[in-house]
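For reference, the structure is listed below as structure tokens.
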Amino acid sequence: MIKKCLFPAAGYGTRFLPATKATPKEMLPVLTKPLIQYGVEEAVEAGIHTMAIVTGRGKRAIEDHFDISYELEHQIKGGSKEHLLDDIRVLIEQCTFSYTRQVEMKGLGHAILTGETLIGNEPFAVVLADDLCTNKEKGVLSQMIEVYEKYQCSIVAIEEVPMDQTDRYGVIAGHLVDGTDDTYRVTDMVEKPDPKDAPTNMAIIGRYILSPDIFDILRETKPGKGGEIQITDALLEQAKKGKVIAYKFRGRRFDCGSVDGFVEATNYFYKNME
């Protein structure tokens with residue numbers, strides 16, 4: 001059973017400057033909720049209640065968000081706005097939040113390795129909050145946990161992207177397994193390949209379930225593209241042993257790390273408000 005979810009949240013969010021100069025990109029709101037809250041809610045829906053968050057300098061707002069604000073709650077108690085805090089109160093009551101700091105920005109792989117002290121020796125989920133995913137029937141993490149229970153190895157969520165966008169993602173190659181049309185055993189992974197070099201157009205998005213041996217692999221992983229320690233390179237080592245499954249999830253994903261994707265998500269959630 002997956003009991004912990006890791007949120008790498010130390011990045012600078014430079015594509016949203018100057019808004020992210022003093023505000024973490026994970027706290028940018030889609031309607032009335034910050035991106036990271038959507039991710040935590042997705043984890044809770046999947047039965048996960050221990051949230052491990054890797055932060056950096058200037059990220060104090062994340063910790064404050066998942067804590068009680070006594071002064072604010074006192075001010076609105078008994079008023080018409082008190083119910084607006086219901087969702088976050090539920091998360092605070094249901095979940096345990098722990099934090100560690102990534103001192104240097106050395107890539108996603110390094111951020112995940114930094115979270116080892118919060119995870120320990122057990123399989124865990126990873127959510128990148130700026131990939132906002134939605135599905136009315138079952139969340140992406142819930143779907144992935146079902147896949148993990150079947151295969152008992154690392155799982156990456158994938159979606160097809162235009163070939164001219166492969167240089168924005170980790171891209172996988174693999175073959176369908178067990179007669180499915182959405183589950184692949186990964187044979188190759190490339191970090192941000194040029195379109196002419198991409199093995200497929202199946203891109204990894206910001207949802208993972210990782211087996212704990214990934215930490216030992218990351219310790220031995222050399223800096224790759226961009227001089228960063230890439231999780232794709234570490235996962236490739238597992239894939240060489242047949243221990244990575246790519247799952248084409250059901251639902252919709254918004255790249256809220258880009259302005260276009262953020263606006264698209266805001267419009268979508270506004271139109272589909274309950």
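Each chain of the structure tokens is named A, B, ... in the order shown, its residues numbered from 1; ligands are numbered from 1 in display order.
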
Just want the 10 Å neighbourhood of region 8-20 of chain A, counted on only C-alpha atoms, with same-chain residues fewer than 4 positions away dropped. Output as an MDAnalysis selection string. chainID A and resid 24:28 36 52:59 62 100:115 126:130 257:259

For the selection just defined, write its residues with N, CA and C atoms to a file, as a compact mmCIF listing (two decimals), in the first residue's frame.
# COMPACT_ATOMS: atom_id res chain seq x y z
N PRO A 24 5.48 31.20 -3.89
CA PRO A 24 5.82 29.92 -4.52
C PRO A 24 4.87 29.61 -5.67
N LYS A 25 5.40 29.06 -6.76
CA LYS A 25 4.53 28.74 -7.89
C LYS A 25 3.47 27.72 -7.49
N GLU A 26 3.80 26.88 -6.52
CA GLU A 26 2.83 25.88 -6.06
C GLU A 26 1.64 26.51 -5.35
N MET A 27 1.77 27.78 -4.98
CA MET A 27 0.68 28.48 -4.30
C MET A 27 -0.13 29.36 -5.25
N LEU A 28 0.19 29.35 -6.52
CA LEU A 28 -0.62 30.09 -7.48
C LEU A 28 -2.01 29.47 -7.52
N ILE A 36 -0.92 23.31 -5.21
CA ILE A 36 -0.48 22.20 -4.37
C ILE A 36 -1.64 21.59 -3.60
N ALA A 52 4.87 14.50 2.15
CA ALA A 52 6.26 14.90 2.34
C ALA A 52 6.59 15.95 1.29
N ILE A 53 6.98 17.14 1.74
CA ILE A 53 7.14 18.26 0.82
C ILE A 53 8.59 18.75 0.85
N VAL A 54 9.22 18.76 -0.32
CA VAL A 54 10.59 19.26 -0.45
C VAL A 54 10.50 20.72 -0.87
N THR A 55 10.91 21.61 0.01
CA THR A 55 10.79 23.04 -0.25
C THR A 55 12.16 23.67 -0.45
N GLY A 56 12.16 24.98 -0.59
CA GLY A 56 13.40 25.73 -0.73
C GLY A 56 13.21 27.10 -0.11
N ARG A 57 14.18 27.96 -0.31
CA ARG A 57 14.07 29.31 0.23
C ARG A 57 12.85 30.02 -0.35
N GLY A 58 12.15 30.77 0.49
CA GLY A 58 11.01 31.53 0.04
C GLY A 58 9.73 30.73 -0.11
N LYS A 59 9.69 29.53 0.46
CA LYS A 59 8.52 28.66 0.29
C LYS A 59 7.70 28.53 1.58
N ILE A 62 3.83 27.69 1.78
CA ILE A 62 3.28 26.33 1.66
C ILE A 62 3.02 25.76 3.05
N THR A 100 11.23 19.13 4.22
CA THR A 100 12.68 19.23 4.21
C THR A 100 13.06 20.20 3.11
N ARG A 101 14.26 20.72 3.15
CA ARG A 101 14.64 21.77 2.21
C ARG A 101 15.72 21.29 1.26
N GLN A 102 15.51 21.57 -0.04
CA GLN A 102 16.52 21.33 -1.06
C GLN A 102 17.40 22.57 -1.13
N VAL A 103 18.63 22.44 -0.70
CA VAL A 103 19.51 23.60 -0.57
C VAL A 103 19.97 24.11 -1.94
N GLU A 104 20.24 23.18 -2.86
CA GLU A 104 20.67 23.55 -4.20
C GLU A 104 19.70 22.97 -5.21
N MET A 105 19.42 23.73 -6.29
CA MET A 105 18.52 23.27 -7.32
C MET A 105 19.31 22.42 -8.33
N LYS A 106 19.26 21.12 -8.16
CA LYS A 106 20.04 20.21 -9.01
C LYS A 106 19.15 19.26 -9.80
N GLY A 107 17.89 19.63 -10.02
CA GLY A 107 17.03 18.80 -10.83
C GLY A 107 16.03 18.00 -10.03
N LEU A 108 15.05 17.43 -10.74
CA LEU A 108 13.98 16.68 -10.09
C LEU A 108 14.51 15.45 -9.38
N GLY A 109 15.47 14.76 -10.00
CA GLY A 109 16.04 13.58 -9.35
C GLY A 109 16.66 13.93 -8.00
N HIS A 110 17.38 15.04 -7.96
CA HIS A 110 17.99 15.48 -6.70
C HIS A 110 16.94 15.86 -5.68
N ALA A 111 15.85 16.50 -6.13
CA ALA A 111 14.77 16.87 -5.22
C ALA A 111 14.14 15.62 -4.59
N ILE A 112 13.92 14.60 -5.41
CA ILE A 112 13.34 13.35 -4.89
C ILE A 112 14.31 12.70 -3.91
N LEU A 113 15.59 12.69 -4.23
CA LEU A 113 16.58 12.13 -3.31
C LEU A 113 16.61 12.89 -2.00
N THR A 114 16.44 14.21 -2.06
CA THR A 114 16.39 15.02 -0.85
C THR A 114 15.23 14.60 0.04
N GLY A 115 14.16 14.10 -0.55
CA GLY A 115 13.00 13.68 0.22
C GLY A 115 13.13 12.31 0.87
N VAL A 126 4.76 10.38 -6.13
CA VAL A 126 5.33 11.71 -6.36
C VAL A 126 4.33 12.50 -7.19
N VAL A 127 4.04 13.72 -6.74
CA VAL A 127 3.15 14.63 -7.47
C VAL A 127 3.90 15.93 -7.73
N LEU A 128 3.94 16.34 -9.00
CA LEU A 128 4.43 17.67 -9.36
C LEU A 128 3.21 18.56 -9.46
N ALA A 129 3.10 19.52 -8.54
CA ALA A 129 1.87 20.28 -8.38
C ALA A 129 1.51 21.11 -9.60
N ASP A 130 2.51 21.49 -10.41
CA ASP A 130 2.16 22.32 -11.56
C ASP A 130 1.61 21.51 -12.73
N GLY A 257 2.61 24.90 -15.22
CA GLY A 257 3.92 25.53 -15.17
C GLY A 257 4.12 26.52 -16.30
N SER A 258 3.17 26.54 -17.23
CA SER A 258 3.20 27.51 -18.33
C SER A 258 1.99 28.44 -18.20
N VAL A 259 2.12 29.65 -18.69
CA VAL A 259 1.03 30.61 -18.59
C VAL A 259 -0.18 30.13 -19.39

Mind checking which residues fall within 9 Å of Phe66 (chain A), counting only C-alpha atoms, ignoring those fewer than 6 positions away in the same chain, and posting them as an MDAnalysis selection string? chainID A and resid 37 88:89 91:92 97

Selection file, C-alpha atoms, as a PDB file, in the first residue's frame:
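Everything below was put into part-v3.pdb:
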ATOM      1  CA  GLN A  37      -3.844  21.795  -2.608  1.00  0.00           C
ATOM      2  CA  ILE A  88      -8.418  23.014   3.821  1.00  0.00           C
ATOM      3  CA  ARG A  89      -9.543  22.245   7.379  1.00  0.00           C
ATOM      4  CA  LEU A  91      -6.904  18.257   4.786  1.00  0.00           C
ATOM      5  CA  ILE A  92      -5.199  19.607   7.895  1.00  0.00           C
ATOM      6  CA  PHE A  97       2.666  17.205   6.595  1.00  0.00           C
TER       7      PHE A  97
END

Show which residues sit within 6 Å of region 252-254 of chain A, as a list in words. Count only C-alpha atoms, and ignore same-chain residues fewer than 4 positions away. Asp131, Leu132, Cys133, Thr134, Gly261 and Ala265 of chain A

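The spacing separating CA of Gly179 (chain A) from CA of Tyr151 (chain A) amounts to 14.1 Å.
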
Skip Leu235 (chain A) itself and residues of its chain fewer than 3 positions away, then list as a VMD selection string all residues within 12 Å of it, counting only C-alpha atoms. chain A and resid 109 153 to 156 170 to 172 186 to 191 204 208 to 218 221 229 to 232 238 to 246

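Among the candidate residues A:Gly78, A:Pro162, A:Gly47, A:Gly174, the one lying nearest to Cys95 (chain A) is A:Gly47, with distances computed using only C-alpha atoms.
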
Computed interatomic separation between CA of His65 (chain A) and CA of Asp255 (chain A) (Å):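 Interatomic distance, CA of His65 (chain A) to CA of Asp255 (chain A): 22.3 Å.
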
So which residues of region 54-136 of chain A fall under alpha helix (DSSP H) by DSSP, listed as a VMD selection string? chain A and resid 60 to 65 70 to 76 86 to 94 108 to 114 116 to 119

Could I get the residues of region 42-74 of chain A with an atom no further than 8 Å from an atom of region 139-148 of chain A, each paired with its nearest atom pair and that distance in Å to one decimal, using only C-alpha atoms, sorted by chain and residue number, as CSV?
residue,atom,partner,partner_atom,distance
A:Glu42,CA,A:Gly139,CA,6.2
A:Ala43,CA,A:Leu141,CA,6.5
A:Glu45,CA,A:Ser142,CA,7.0
A:Ala46,CA,A:Ser142,CA,4.5
A:Gly47,CA,A:Ser142,CA,7.9

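With distances restricted to only C-alpha atoms, A:Phe7 is the closest residue to Leu35 (chain A) from A:Pro199, A:Gln94, A:Ala157, A:Phe7.
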
All residues 9 Å or closer to Lys192 (chain A), only C-alpha atoms, same chain fewer than 2 positions away omitted, as a ChimeraX atom specification: /A:165-171,190,194-195,198,225

Output as an MDAnalysis selection string all residues of region 150-273 of chain A that backbone DSSP marks as strand (DSSP E). chainID A and resid 154:160 170:176 183:191 202:210 244:248 252:255

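The nearest approach to Leu85 (chain A) among the residues A:Thr50, A:Thr117, A:Thr32, A:Ser98, with only C-alpha atoms taken into account, belongs to A:Thr32.
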
Contacts of Leu31 (chain A) at 8 Å or less, counting only C-alpha atoms, minus same-chain residues fewer than 3 places along, as a PyMOL selection string? chain A and resi 266+269-270

How about saving the chosen residues, C-alpha atoms kept, as a short mmCIF file (atom, residue, chain, number, x, y, z; two decimals), in the first residue's frame?
data_model
loop_
_atom_site.label_atom_id
_atom_site.label_comp_id
_atom_site.auth_asym_id
_atom_site.auth_seq_id
_atom_site.Cartn_x
_atom_site.Cartn_y
_atom_site.Cartn_z
CA THR A 266 -8.54 28.28 -14.80
CA PHE A 269 -12.38 24.70 -13.67
CA TYR A 270 -14.49 27.85 -13.82
#

What is the CA of Asn135 (chain A)-CA of Asn272 (chain A) distance in Å, reported with one decimal?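 Distance reported for this atom pair: 11.8 Å.
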
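Proximity ranking of A:Lys196, A:Ser80, A:Thr23, A:Lys248 relative to Glu160 (chain A) places A:Lys248 first, based on only C-alpha atoms.
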
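Candidate residues A:Ile205, A:Ile76, A:Val161, A:Val30 were compared for distance to Tyr247 (chain A), and the nearest is A:Ile205, using only C-alpha atoms.
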